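What follows is one structure encoded as C-alpha cells, with my remarks underneath.
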Amino acid sequence: MDDKEGTAVTQPTETVPAGFARNPRRSPLTDPWEPIYWKEKPDAVILALRLAAPHTNARGLIHGGLIAAMADKAMGHSCSRKLGGTASLVTISLSVDYIGGARIGQWLAVDSEVLKTGSTICFVQCAVTADNDIIARANATFRAVKRK
C-alpha cells in the first residue's frame with residue numbers, strides 16, 4: 001500500500017519471451033536472483049532472467065559476477081544434459097570476456113553450446129545477451145564426478 005494515498009502499489013508485469021519456463025534447478029547462490037528461466041534446446045539450455053536491482057553493483061550497473069555465475073550455471077546445465085544427467089559437474093576452468101553492459105529491465109539470456117565431451121570432461125561456450133545485444137562471452141571446462 002502507498003502510505004500517502006492508501007492505495008495499492010502495482011508492480012510492472014514481468015514479460016517472459018515465448019518458450020521460456022521457470023528453471024526447475026535451484027541453488028542457494030542464485031535463489032536471491034529468482035525468478036530464473038530456462039529454454040531447452042536438443043543438447044543444451046538457455047538460462048535467462050529479467051534484470052533488476054538485486055543484480056547490480058554499488059554503482060547501479062549489472063554486476064559482472066552475476067554474468068559469470070549465470071554463464072557457469074547455463075554451461076553446467078548444458079554439459080549435464082549432454083552427458084546424460086547421471087553425474088554431478090564441477091567447474092575446472094571458466095573464462096569470461098565482458099563486451100558490453102546491461103541495464104535494469106533488460107532480458108539477460110545465456111545461450112550455451114557444448115563443443116566436445118569425453119567420458120568425464122565437457123568443453124562448452126556461451127554467449128550472454130541483454131535484449132539480444134551481446135554483452136559477454138564465456139567458455140568453460142567441466143569434470144563429471146559421481147553423485148554422492
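Residue numbering restarts at 1 in every chain; chains get A, B, ... in the order shown in the C-alpha cells, and ligands count up from 1 in that same order.
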
Exercise. How would you write, as a PyMOL selection string, the set of residues in chain A that DSSP gives as helix (DSSP H, G or I)?
Worked result: chain A and resi 31-33+53-55+64-82

Once you have the residues from the selection above, write them out as a short mmCIF file (atom, residue, chain, number, x, y, z; two decimals), in the first residue's frame, restricted to C-alpha atoms.
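The result, written out as result_32.cif:
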```cif
data_model
loop_
_atom_site.label_atom_id
_atom_site.label_comp_id
_atom_site.auth_asym_id
_atom_site.auth_seq_id
_atom_site.Cartn_x
_atom_site.Cartn_y
_atom_site.Cartn_z
CA ASP A 31 17.97 -18.04 -5.14
CA PRO A 32 18.20 -14.26 -4.47
CA TRP A 33 18.19 -13.69 -8.24
CA ALA A 53 18.10 -4.03 -8.70
CA PRO A 54 19.37 -7.18 -6.89
CA HIS A 55 21.54 -7.87 -9.96
CA GLY A 64 29.95 -8.93 -13.65
CA GLY A 65 29.74 -11.65 -11.00
CA LEU A 66 26.09 -12.21 -11.90
CA ILE A 67 27.06 -12.62 -15.55
CA ALA A 68 29.87 -15.07 -14.69
CA ALA A 69 27.65 -17.10 -12.34
CA MET A 70 24.79 -17.28 -14.85
CA ALA A 71 27.25 -18.36 -17.58
CA ASP A 72 28.71 -21.05 -15.29
CA LYS A 73 25.21 -22.27 -14.38
CA ALA A 74 23.97 -22.38 -18.00
CA MET A 75 27.08 -24.12 -19.30
CA GLY A 76 26.98 -26.63 -16.43
CA HIS A 77 23.31 -27.44 -17.15
CA SER A 78 24.15 -27.92 -20.82
CA CYS A 79 27.09 -30.25 -20.09
CA SER A 80 24.89 -32.24 -17.72
CA ARG A 81 22.27 -32.71 -20.45
CA LYS A 82 24.90 -33.72 -22.98
#
```

List every residue of stretch 82-135 of chain A that DSSP, applied to the backbone of this structure, places in strand (DSSP E), and write the result as a compact mmCIF listing (two decimals) with C-alpha atoms, in the first residue's frame.
```txt
# COMPACT_ATOMS: atom_id res chain seq x y z
CA SER A 88 27.44 -34.01 -10.92
CA LEU A 89 29.68 -31.48 -12.61
CA VAL A 90 32.43 -29.33 -11.17
CA THR A 91 33.95 -26.37 -12.97
CA ILE A 92 37.61 -26.89 -13.89
CA SER A 93 38.03 -23.58 -15.69
CA LEU A 94 35.87 -20.59 -16.56
CA SER A 95 36.80 -17.60 -18.69
CA VAL A 96 34.52 -14.62 -19.30
CA ASP A 97 35.08 -11.76 -21.74
CA TYR A 98 32.91 -8.73 -20.96
CA TRP A 107 16.20 -9.62 -20.62
CA LEU A 108 19.53 -11.33 -19.87
CA ALA A 109 19.95 -14.63 -21.73
CA VAL A 110 22.84 -17.10 -21.62
CA ASP A 111 22.84 -19.37 -24.68
CA SER A 112 25.34 -22.20 -24.38
CA GLU A 113 26.76 -24.74 -26.80
CA VAL A 114 28.61 -27.91 -25.86
CA LEU A 115 31.72 -28.17 -28.02
CA LYS A 116 33.01 -31.61 -27.05
CA THR A 117 32.55 -34.23 -24.37
CA ILE A 121 35.17 -33.89 -19.37
CA CYS A 122 32.94 -31.36 -21.13
CA PHE A 123 34.03 -28.29 -23.11
CA VAL A 124 31.36 -25.62 -23.55
CA GLN A 125 30.93 -21.99 -24.61
CA CYS A 126 28.17 -19.43 -24.34
CA ALA A 127 27.01 -16.02 -25.49
CA VAL A 128 25.42 -13.66 -22.97
CA THR A 129 22.95 -11.13 -24.36
CA ALA A 130 20.84 -8.29 -22.95
CA ASP A 133 22.72 -7.47 -27.78
CA ILE A 134 25.91 -9.39 -26.94
CA ILE A 135 27.40 -8.28 -23.62
```

For this session: Could you jot down the atom CA of A:His63 to atom CA of A:Trp38 separation for me, Å, one decimal place?
Result: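 We find that atom CA of A:His63 and atom CA of A:Trp38 lie 20.4 Å from each other.
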